[in-house]
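**Q** Just so it is clear, I am handing over upload.cif, which has mmCIF, C-alpha atoms, pLDDT in the B column; chains and numbers go by the auth columns.
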```cif
data_work
loop_
_atom_site.group_PDB
_atom_site.id
_atom_site.type_symbol
_atom_site.label_atom_id
_atom_site.label_comp_id
_atom_site.label_asym_id
_atom_site.label_seq_id
_atom_site.Cartn_x
_atom_site.Cartn_y
_atom_site.Cartn_z
_atom_site.B_iso_or_equiv
_atom_site.auth_seq_id
_atom_site.auth_asym_id
ATOM 1 C CA MET A 1 -20.536 -5.845 6.730 46.00 1 A
ATOM 2 C CA SER A 2 -18.456 -6.638 9.819 46.00 2 A
ATOM 3 C CA VAL A 3 -15.427 -7.349 7.598 47.00 3 A
ATOM 4 C CA MET A 4 -15.745 -4.013 5.871 52.00 4 A
ATOM 5 C CA MET A 5 -16.092 -2.167 9.180 52.00 5 A
ATOM 6 C CA ILE A 6 -13.017 -3.897 10.634 54.00 6 A
ATOM 7 C CA PHE A 7 -10.909 -3.105 7.568 53.00 7 A
ATOM 8 C CA LEU A 8 -12.130 0.504 7.448 54.00 8 A
ATOM 9 C CA ALA A 9 -11.386 0.896 11.152 58.00 9 A
ATOM 10 C CA VAL A 10 -7.815 -0.301 10.633 58.00 10 A
ATOM 11 C CA ILE A 11 -7.378 2.066 7.672 56.00 11 A
ATOM 12 C CA ALA A 12 -8.775 4.973 9.695 58.00 12 A
ATOM 13 C CA VAL A 13 -6.381 4.274 12.564 60.00 13 A
ATOM 14 C CA ILE A 14 -3.393 4.146 10.176 57.00 14 A
ATOM 15 C CA VAL A 15 -4.341 7.378 8.388 57.00 15 A
ATOM 16 C CA LEU A 16 -5.136 9.253 11.622 60.00 16 A
ATOM 17 C CA TRP A 17 -1.888 8.093 13.225 55.00 17 A
ATOM 18 C CA TRP A 18 0.112 9.231 10.193 53.00 18 A
ATOM 19 C CA MET A 19 -1.666 12.589 10.098 56.00 19 A
ATOM 20 C CA THR A 20 -1.071 13.090 13.819 59.00 20 A
ATOM 21 C CA GLN A 21 2.636 12.344 13.393 56.00 21 A
ATOM 22 C CA HIS A 22 2.865 15.139 10.825 51.00 22 A
ATOM 23 C CA ARG A 23 0.676 17.635 12.700 49.00 23 A
ATOM 24 C CA LEU A 24 -1.939 17.590 9.935 48.00 24 A
ATOM 25 C CA THR A 25 -4.768 17.576 12.457 46.00 25 A
ATOM 26 C CA SER A 26 -3.537 20.704 14.224 43.00 26 A
ATOM 27 C CA LYS A 27 -5.437 24.017 14.080 43.00 27 A
ATOM 28 C CA PRO A 28 -2.846 26.744 13.566 40.00 28 A
ATOM 29 C CA TRP A 29 -5.478 29.494 13.640 39.00 29 A
ATOM 30 C CA LEU A 30 -6.131 28.621 17.298 40.00 30 A
ATOM 31 C CA GLU A 31 -2.481 28.584 18.306 40.00 31 A
ATOM 32 C CA VAL A 32 -1.141 31.535 20.304 43.00 32 A
ATOM 33 C CA GLY A 33 1.969 33.272 19.137 43.00 33 A
ATOM 34 C CA LEU A 34 3.492 34.753 16.030 39.00 34 A
ATOM 35 C CA VAL A 35 4.108 32.655 12.967 41.00 35 A
ATOM 36 C CA THR A 36 7.283 33.659 11.225 41.00 36 A
ATOM 37 C CA GLU A 37 7.509 33.826 7.493 40.00 37 A
ATOM 38 C CA SER A 38 10.279 31.235 7.387 44.00 38 A
ATOM 39 C CA ALA A 39 8.168 28.718 9.328 43.00 39 A
ATOM 40 C CA GLY A 40 5.274 29.291 6.964 43.00 40 A
ATOM 41 C CA GLN A 41 7.512 28.719 3.993 43.00 41 A
ATOM 42 C CA LYS A 42 8.726 25.442 5.473 45.00 42 A
ATOM 43 C CA ARG A 43 5.319 23.935 6.250 45.00 43 A
ATOM 44 C CA LEU A 44 2.866 25.264 3.701 41.00 44 A
ATOM 45 C CA PRO A 45 4.346 23.582 0.574 44.00 45 A
ATOM 46 C CA ILE A 46 4.661 20.214 2.383 48.00 46 A
ATOM 47 C CA ALA A 47 1.283 19.896 4.119 56.00 47 A
ATOM 48 C CA PRO A 48 -0.922 19.736 0.975 79.00 48 A
ATOM 49 C CA ALA A 49 1.033 16.782 -0.440 78.00 49 A
ATOM 50 C CA ARG A 50 0.771 14.866 2.810 82.00 50 A
ATOM 51 C CA VAL A 51 -2.917 15.657 3.214 82.00 51 A
ATOM 52 C CA GLY A 52 -3.564 14.647 -0.389 86.00 52 A
ATOM 53 C CA LEU A 53 -1.837 11.312 0.099 88.00 53 A
ATOM 54 C CA GLY A 54 -3.741 10.685 3.320 86.00 54 A
ATOM 55 C CA ILE A 55 -7.075 11.314 1.592 88.00 55 A
ATOM 56 C CA PHE A 56 -6.090 9.150 -1.373 91.00 56 A
ATOM 57 C CA LEU A 57 -5.078 6.242 0.858 92.00 57 A
ATOM 58 C CA ALA A 58 -8.341 6.529 2.777 89.00 58 A
ATOM 59 C CA VAL A 59 -10.312 6.311 -0.488 91.00 59 A
ATOM 60 C CA VAL A 60 -8.247 3.359 -1.723 93.00 60 A
ATOM 61 C CA GLY A 61 -8.697 1.621 1.614 91.00 61 A
ATOM 62 C CA ALA A 62 -12.457 2.122 1.451 90.00 62 A
ATOM 63 C CA LEU A 63 -12.531 0.692 -2.080 92.00 63 A
ATOM 64 C CA PHE A 64 -10.667 -2.458 -1.068 93.00 64 A
ATOM 65 C CA ALA A 65 -12.834 -2.759 2.045 91.00 65 A
ATOM 66 C CA LEU A 66 -15.976 -2.796 -0.107 91.00 66 A
ATOM 67 C CA LEU A 67 -14.511 -5.407 -2.455 92.00 67 A
ATOM 68 C CA ILE A 68 -13.356 -7.595 0.421 90.00 68 A
ATOM 69 C CA SER A 69 -16.807 -7.380 1.994 88.00 69 A
ATOM 70 C CA ALA A 70 -18.342 -8.398 -1.348 90.00 70 A
ATOM 71 C CA TYR A 71 -15.871 -11.305 -1.501 90.00 71 A
ATOM 72 C CA PHE A 72 -17.063 -12.677 1.832 86.00 72 A
ATOM 73 C CA MET A 73 -20.727 -12.273 0.923 86.00 73 A
ATOM 74 C CA ARG A 74 -20.285 -13.941 -2.458 86.00 74 A
ATOM 75 C CA MET A 75 -18.292 -16.899 -1.150 85.00 75 A
ATOM 76 C CA ALA A 76 -21.352 -18.109 0.760 80.00 76 A
ATOM 77 C CA ALA A 77 -23.063 -19.024 -2.537 82.00 77 A
ATOM 78 C CA ALA A 78 -23.241 -22.625 -3.743 82.00 78 A
ATOM 79 C CA ASP A 79 -21.372 -21.941 -7.007 83.00 79 A
ATOM 80 C CA TRP A 80 -18.209 -20.826 -5.195 87.00 80 A
ATOM 81 C CA TRP A 81 -15.031 -22.913 -5.519 86.00 81 A
ATOM 82 C CA ALA A 82 -11.925 -21.547 -3.845 84.00 82 A
ATOM 83 C CA THR A 83 -9.066 -20.650 -6.176 88.00 83 A
ATOM 84 C CA PRO A 84 -5.783 -22.420 -5.296 90.00 84 A
ATOM 85 C CA ILE A 85 -2.951 -20.143 -4.278 91.00 85 A
ATOM 86 C CA PRO A 86 0.174 -20.428 -6.456 92.00 86 A
ATOM 87 C CA ARG A 87 3.355 -20.867 -4.432 93.00 87 A
ATOM 88 C CA LEU A 88 4.802 -17.998 -6.419 95.00 88 A
ATOM 89 C CA LEU A 89 2.644 -15.613 -4.375 96.00 89 A
ATOM 90 C CA TRP A 90 4.919 -16.267 -1.400 96.00 90 A
ATOM 91 C CA VAL A 91 7.893 -15.053 -3.424 96.00 91 A
ATOM 92 C CA ASN A 92 5.885 -12.056 -4.628 97.00 92 A
ATOM 93 C CA THR A 93 4.937 -11.171 -1.067 97.00 93 A
ATOM 94 C CA ALA A 94 8.593 -11.318 -0.007 97.00 94 A
ATOM 95 C CA ALA A 95 9.549 -9.091 -2.967 97.00 95 A
ATOM 96 C CA LEU A 96 6.972 -6.449 -2.059 97.00 96 A
ATOM 97 C CA ALA A 97 8.011 -6.568 1.598 97.00 97 A
ATOM 98 C CA LEU A 98 11.657 -6.117 0.585 97.00 98 A
ATOM 99 C CA SER A 99 10.672 -3.183 -1.623 97.00 99 A
ATOM 100 C CA SER A 100 8.873 -1.552 1.295 96.00 100 A
ATOM 101 C CA VAL A 101 11.865 -2.079 3.581 97.00 101 A
ATOM 102 C CA ALA A 102 14.204 -0.669 0.911 96.00 102 A
ATOM 103 C CA LEU A 103 12.176 2.544 0.661 96.00 103 A
ATOM 104 C CA GLU A 104 12.225 2.971 4.434 95.00 104 A
ATOM 105 C CA TRP A 105 15.968 2.404 4.275 95.00 105 A
ATOM 106 C CA ALA A 106 16.325 5.039 1.540 95.00 106 A
ATOM 107 C CA LYS A 107 14.319 7.515 3.591 92.00 107 A
ATOM 108 C CA GLY A 108 16.587 6.994 6.595 91.00 108 A
ATOM 109 C CA GLU A 109 19.761 7.339 4.556 92.00 109 A
ATOM 110 C CA ALA A 110 18.452 10.562 3.020 90.00 110 A
ATOM 111 C CA ARG A 111 17.979 12.020 6.480 89.00 111 A
ATOM 112 C CA ARG A 112 21.553 11.084 7.379 90.00 112 A
ATOM 113 C CA GLY A 113 22.819 12.736 4.207 87.00 113 A
ATOM 114 C CA ARG A 114 24.286 9.534 2.738 91.00 114 A
ATOM 115 C CA SER A 115 23.192 10.013 -0.855 90.00 115 A
ATOM 116 C CA ASP A 116 25.103 7.082 -2.350 92.00 116 A
ATOM 117 C CA ILE A 117 23.496 4.519 -0.037 93.00 117 A
ATOM 118 C CA MET A 118 20.115 6.202 -0.539 94.00 118 A
ATOM 119 C CA ARG A 119 20.376 5.713 -4.307 95.00 119 A
ATOM 120 C CA VAL A 120 21.265 2.032 -3.858 96.00 120 A
ATOM 121 C CA ALA A 121 18.250 1.558 -1.585 96.00 121 A
ATOM 122 C CA LEU A 122 15.985 3.294 -4.096 95.00 122 A
ATOM 123 C CA LEU A 123 17.199 1.103 -6.942 96.00 123 A
ATOM 124 C CA LEU A 124 16.638 -1.972 -4.780 96.00 124 A
ATOM 125 C CA GLY A 125 13.096 -0.847 -3.972 96.00 125 A
ATOM 126 C CA LEU A 126 12.400 -0.166 -7.629 95.00 126 A
ATOM 127 C CA ALA A 127 13.787 -3.525 -8.787 97.00 127 A
ATOM 128 C CA THR A 128 11.901 -5.594 -6.207 97.00 128 A
ATOM 129 C CA ALA A 129 8.669 -3.757 -7.029 96.00 129 A
ATOM 130 C CA PHE A 130 9.089 -4.701 -10.694 96.00 130 A
ATOM 131 C CA LEU A 131 9.823 -8.253 -9.540 97.00 131 A
ATOM 132 C CA PHE A 132 6.543 -8.279 -7.622 97.00 132 A
ATOM 133 C CA LEU A 133 4.557 -7.197 -10.675 96.00 133 A
ATOM 134 C CA ALA A 134 6.304 -9.715 -12.922 97.00 134 A
ATOM 135 C CA GLY A 135 5.596 -12.439 -10.375 97.00 135 A
ATOM 136 C CA GLN A 136 1.910 -11.500 -10.273 97.00 136 A
ATOM 137 C CA VAL A 137 1.642 -11.845 -14.047 96.00 137 A
ATOM 138 C CA MET A 138 3.387 -15.228 -13.867 96.00 138 A
ATOM 139 C CA ALA A 139 0.939 -16.343 -11.144 96.00 139 A
ATOM 140 C CA TRP A 140 -1.964 -15.332 -13.394 95.00 140 A
ATOM 141 C CA ARG A 141 -0.516 -17.343 -16.264 95.00 141 A
ATOM 142 C CA GLU A 142 0.048 -20.338 -13.992 94.00 142 A
ATOM 143 C CA LEU A 143 -3.585 -20.310 -12.854 93.00 143 A
ATOM 144 C CA ALA A 144 -4.890 -19.831 -16.395 92.00 144 A
ATOM 145 C CA ALA A 145 -2.779 -22.735 -17.650 92.00 145 A
ATOM 146 C CA ALA A 146 -4.255 -24.919 -14.899 90.00 146 A
ATOM 147 C CA GLY A 147 -7.776 -24.070 -16.057 88.00 147 A
ATOM 148 C CA TYR A 148 -8.662 -21.429 -13.479 90.00 148 A
ATOM 149 C CA VAL A 149 -9.838 -18.810 -15.963 88.00 149 A
ATOM 150 C CA LEU A 150 -11.637 -15.572 -15.212 83.00 150 A
ATOM 151 C CA ALA A 151 -15.194 -16.710 -16.047 79.00 151 A
ATOM 152 C CA ASP A 152 -14.881 -20.224 -14.624 80.00 152 A
ATOM 153 C CA ASN A 153 -16.277 -19.390 -11.173 87.00 153 A
ATOM 154 C CA PRO A 154 -16.803 -16.296 -8.981 89.00 154 A
ATOM 155 C CA ALA A 155 -13.730 -17.031 -6.849 90.00 155 A
ATOM 156 C CA ASN A 156 -11.494 -16.778 -9.906 91.00 156 A
ATOM 157 C CA SER A 157 -13.131 -13.508 -10.927 92.00 157 A
ATOM 158 C CA PHE A 158 -12.532 -11.982 -7.498 93.00 158 A
ATOM 159 C CA PHE A 159 -8.937 -13.207 -7.448 94.00 159 A
ATOM 160 C CA TYR A 160 -8.095 -11.643 -10.811 95.00 160 A
ATOM 161 C CA MET A 161 -10.012 -8.454 -10.027 95.00 161 A
ATOM 162 C CA LEU A 162 -8.470 -7.848 -6.601 96.00 162 A
ATOM 163 C CA THR A 163 -4.908 -8.743 -7.607 96.00 163 A
ATOM 164 C CA GLY A 164 -5.282 -6.735 -10.817 96.00 164 A
ATOM 165 C CA LEU A 165 -6.572 -3.669 -8.969 96.00 165 A
ATOM 166 C CA HIS A 166 -3.746 -3.922 -6.482 97.00 166 A
ATOM 167 C CA GLY A 167 -1.260 -4.320 -9.329 96.00 167 A
ATOM 168 C CA LEU A 168 -2.597 -1.163 -10.992 96.00 168 A
ATOM 169 C CA HIS A 169 -1.956 0.788 -7.799 96.00 169 A
ATOM 170 C CA ILE A 170 1.573 -0.627 -7.663 97.00 170 A
ATOM 171 C CA MET A 171 2.113 0.449 -11.278 96.00 171 A
ATOM 172 C CA GLY A 172 0.955 3.960 -10.440 94.00 172 A
ATOM 173 C CA GLY A 173 3.301 4.019 -7.465 94.00 173 A
ATOM 174 C CA LEU A 174 6.149 2.789 -9.662 95.00 174 A
ATOM 175 C CA ALA A 175 5.703 5.788 -11.958 94.00 175 A
ATOM 176 C CA VAL A 176 6.142 8.143 -9.000 93.00 176 A
ATOM 177 C CA LEU A 177 8.948 6.060 -7.522 94.00 177 A
ATOM 178 C CA GLY A 178 10.783 6.038 -10.849 94.00 178 A
ATOM 179 C CA ARG A 179 10.569 9.817 -11.040 93.00 179 A
ATOM 180 C CA THR A 180 11.790 10.110 -7.442 93.00 180 A
ATOM 181 C CA THR A 181 14.711 7.787 -8.216 93.00 181 A
ATOM 182 C CA GLY A 182 15.643 9.930 -11.193 92.00 182 A
ATOM 183 C CA ARG A 183 15.574 13.027 -9.002 90.00 183 A
ATOM 184 C CA ALA A 184 17.861 11.302 -6.494 92.00 184 A
ATOM 185 C CA PHE A 185 20.546 11.129 -9.190 92.00 185 A
ATOM 186 C CA ASP A 186 20.087 14.828 -10.062 87.00 186 A
ATOM 187 C CA SER A 187 22.284 16.917 -7.794 83.00 187 A
ATOM 188 C CA ARG A 188 20.398 20.057 -8.837 85.00 188 A
ATOM 189 C CA PHE A 189 17.108 18.828 -7.339 84.00 189 A
ATOM 190 C CA PRO A 190 16.393 20.413 -3.907 86.00 190 A
ATOM 191 C CA ALA A 191 17.154 18.033 -1.040 85.00 191 A
ATOM 192 C CA ARG A 192 14.059 19.050 0.928 85.00 192 A
ATOM 193 C CA ARG A 193 11.715 18.166 -1.917 87.00 193 A
ATOM 194 C CA LEU A 194 13.536 14.887 -2.492 89.00 194 A
ATOM 195 C CA HIS A 195 13.133 13.941 1.178 89.00 195 A
ATOM 196 C CA LEU A 196 9.397 14.694 0.935 88.00 196 A
ATOM 197 C CA SER A 197 9.060 12.542 -2.189 91.00 197 A
ATOM 198 C CA LEU A 198 10.898 9.700 -0.465 92.00 198 A
ATOM 199 C CA GLU A 199 8.659 9.952 2.573 91.00 199 A
ATOM 200 C CA LEU A 200 5.456 9.894 0.520 93.00 200 A
ATOM 201 C CA CYS A 201 6.678 6.975 -1.592 94.00 201 A
ATOM 202 C CA ALA A 202 7.571 5.012 1.541 94.00 202 A
ATOM 203 C CA VAL A 203 4.168 5.639 3.122 94.00 203 A
ATOM 204 C CA TYR A 204 2.398 4.619 -0.070 96.00 204 A
ATOM 205 C CA TRP A 205 4.494 1.447 -0.366 96.00 205 A
ATOM 206 C CA HIS A 206 3.870 0.456 3.260 96.00 206 A
ATOM 207 C CA PHE A 207 0.148 0.892 2.682 96.00 207 A
ATOM 208 C CA MET A 208 0.180 -1.206 -0.483 96.00 208 A
ATOM 209 C CA LEU A 209 2.098 -3.909 1.383 97.00 209 A
ATOM 210 C CA PHE A 210 -0.544 -3.890 4.120 95.00 210 A
ATOM 211 C CA VAL A 211 -3.348 -4.199 1.561 96.00 211 A
ATOM 212 C CA TRP A 212 -1.546 -7.061 -0.188 96.00 212 A
ATOM 213 C CA VAL A 213 -1.008 -8.965 3.073 95.00 213 A
ATOM 214 C CA VAL A 214 -4.752 -8.666 3.767 93.00 214 A
ATOM 215 C CA LEU A 215 -5.561 -9.904 0.255 95.00 215 A
ATOM 216 C CA PHE A 216 -3.089 -12.769 0.541 95.00 216 A
ATOM 217 C CA ALA A 217 -4.630 -13.831 3.851 91.00 217 A
ATOM 218 C CA LEU A 218 -8.037 -13.617 2.192 90.00 218 A
ATOM 219 C CA PHE A 219 -7.081 -15.871 -0.721 91.00 219 A
ATOM 220 C CA ALA A 220 -5.259 -18.326 1.536 88.00 220 A
ATOM 221 C CA GLY A 221 -8.320 -18.694 3.766 80.00 221 A
ATOM 222 C CA TRP A 222 -6.671 -17.350 6.914 73.00 222 A
ATOM 223 C CA ALA A 223 -9.031 -14.381 7.026 59.00 223 A
ATOM 224 C CA ASN A 224 -12.036 -16.686 7.427 60.00 224 A
ATOM 225 C CA ASP A 225 -10.896 -17.798 10.885 59.00 225 A
ATOM 226 C CA PHE A 226 -10.232 -14.189 11.871 55.00 226 A
ATOM 227 C CA VAL A 227 -13.695 -13.089 10.740 54.00 227 A
ATOM 228 C CA ASP A 228 -15.353 -15.979 12.575 57.00 228 A
ATOM 229 C CA LEU A 229 -13.503 -14.963 15.729 54.00 229 A
ATOM 230 C CA CYS A 230 -14.621 -11.341 15.336 52.00 230 A
ATOM 231 C CA ARG A 231 -18.234 -12.428 14.829 53.00 231 A
ATOM 232 C CA GLN A 232 -18.080 -14.537 17.974 56.00 232 A
ATOM 233 C CA LEU A 233 -16.700 -11.614 19.934 53.00 233 A
ATOM 234 C CA ILE A 234 -19.376 -9.280 18.581 54.00 234 A
ATOM 235 C CA SER A 235 -22.188 -11.743 19.272 57.00 235 A
#
```
Could you render the structure as structure tokens?
**A**
Amino acid sequence: MSVMMIFLAVIAVIVLWWMTQHRLTSKPWLEVGLVTESAGQKRLPIAPARVGLGIFLAVVGALFALLISAYFMRMAAADWWATPIPRLLWVNTAALALSSVALEWAKGEARRGRSDIMRVALLLGLATAFLFLAGQVMAWRELAAAGYVLADNPANSFFYMLTGLHGLHIMGGLAVLGRTTGRAFDSRFPARRLHLSLELCAVYWHFMLFVWVVLFALFAGWANDFVDLCRQLIS
């Protein structure tokens, strides 16, 4: 339970910070002054997309928090044997981190109006994301070839389930990122909407990177020491 609460607290802090940065927690009906029509036109179409993403990330974070909490509770059983971590996961982690950095780079270049560099950064982010997914499949095949199949022990089941669920969220993000990349090459697409799409994709990618780092630490056993430390502090 303590693990779930810690993870949920971190997710809540991230979501609240992001919402505060974009004034999504403000109460415009309490603000004094006139609201011009042009200001309303600028903010109203953008806010729902940002709010929607914030809510979605909070739900996804809660889902992973529940699964991680179940992982810690289940690993205390006698039939639990830790699944070895393929070295390929280090390469996959670097690929996802590079993809996240590339999207942040693309967002910055879009703000500066350098479309050519922005497109290069987007293609880099897209390619490294595909590399991450391909590497995850190869890691699965490596474990299966070594005899660590899904039904062999609970640790294997959790590994495949958590990495598979994370991979599904990356695939969903890739669909949106691919559409955003296509829009970046369409000069007729409004620049303001493209910048919003880039921002949302970058936030989503940073969040997925954070979740993956937590999962990687969990599988590698590093999270156990952190949880023990938290329990000692609480007690």
**Q** In Å, rounded to a single decimal, give me how far atom CA of A:Ser115 is from atom CA of A:Phe130.
**A** 22.6 Å
**Q** Kindly list the centre and edge lengths in Å, rounded to one decimal, for the axis-aligned box that covers all listed atoms of stretch 208-216 of chain A plus 6 Å on each of its six sides, as JSON.
**A**
```
{"center_x": -1.7, "center_y": -7.0, "center_z": 1.8, "size_x": 19.7, "size_y": 23.6, "size_z": 16.6}
```
**Q** Closest to A:Leu209 among A:Phe56, A:Tyr71, A:Phe132, A:Trp140, using all atoms listed in the file?
**A**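 Once distances to A:Leu209 are computed over all atoms listed in the file, the minimum belongs to A:Phe132.
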**Q** From the options A:Val211, A:Pro48, A:Cys201, A:Tyr160, which residue's atoms come nearest to A:Ala106, counting only C-alpha atoms?
**A** A:Cys201
**Q** So which residues get picked by the PyMOL selection byres ((chain A and resi 200) around 10) here, written as a list of chain:residue names?
**A**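 Selected by the PyMOL selection byres ((chain A and resi 200) around 10) here: A:Ala49, A:Arg50, A:Leu53, A:Gly54, A:Leu103, A:Lys107, A:Val176, A:Leu177, A:Leu194, A:His195, A:Leu196, A:Ser197, A:Leu198, A:Glu199, A:Cys201, A:Ala202, A:Val203, A:Tyr204, A:Trp205, A:His206.
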**Q** Applied to the shown file, which residues does the PyMOL selection byres ((chain A and resi 63) around 12) return, written as a PyMOL selection string?
**A** chain A and resi 4+7-8+11+56-62+64-70+162+165-166+211
**Q** Dig up all the protein and nucleic acid residues within 8 Å of (-12.2, -19.7, -4.0) in the file frame, using all atoms listed in the file, and format them as a PDB file with C-alpha atoms, in the coordinates of the input.
**A**
```
ATOM      1  CA  MET A  75     -18.292 -16.899  -1.150  1.00 85.00           C
ATOM      2  CA  TRP A  80     -18.209 -20.826  -5.195  1.00 87.00           C
ATOM      3  CA  TRP A  81     -15.031 -22.913  -5.519  1.00 86.00           C
ATOM      4  CA  ALA A  82     -11.925 -21.547  -3.845  1.00 84.00           C
ATOM      5  CA  THR A  83      -9.066 -20.650  -6.176  1.00 88.00           C
ATOM      6  CA  PRO A  84      -5.783 -22.420  -5.296  1.00 90.00           C
ATOM      7  CA  PRO A 154     -16.803 -16.296  -8.981  1.00 89.00           C
ATOM      8  CA  ALA A 155     -13.730 -17.031  -6.849  1.00 90.00           C
ATOM      9  CA  ASN A 156     -11.494 -16.778  -9.906  1.00 91.00           C
ATOM     10  CA  PHE A 219      -7.081 -15.871  -0.721  1.00 91.00           C
TER      11      PHE A 219
END
```
**Q** Between atom CA of A:Val120 and atom CA of A:Ala175, what is the distance in Å, rounded to a tenth?
**A** 17.9 Å
**Q** Of the residues A:Leu215, A:Ala121, A:Leu174, A:Ala77, which is the one nearest to A:Met161, using all atoms listed in the file?
**A**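 Comparing A:Leu215, A:Ala121, A:Leu174, A:Ala77 against A:Met161, the winner is A:Leu215.
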**Q** Compare A:Gly182, A:Gly164, A:Ser100, A:Glu109 by their minimum atom-to-atom distance to A:Ala139, counting all atoms listed in the file, and give me the closest one.
**A** A:Gly164
**Q** Restricting the calculation to only C-alpha atoms, which member of A:Ala146, A:Ala184, A:Ala78, A:Leu89 is positioned closest to A:Gly113?
**A**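 Of the candidates, the smallest distance to A:Gly113 is held by A:Ala184.
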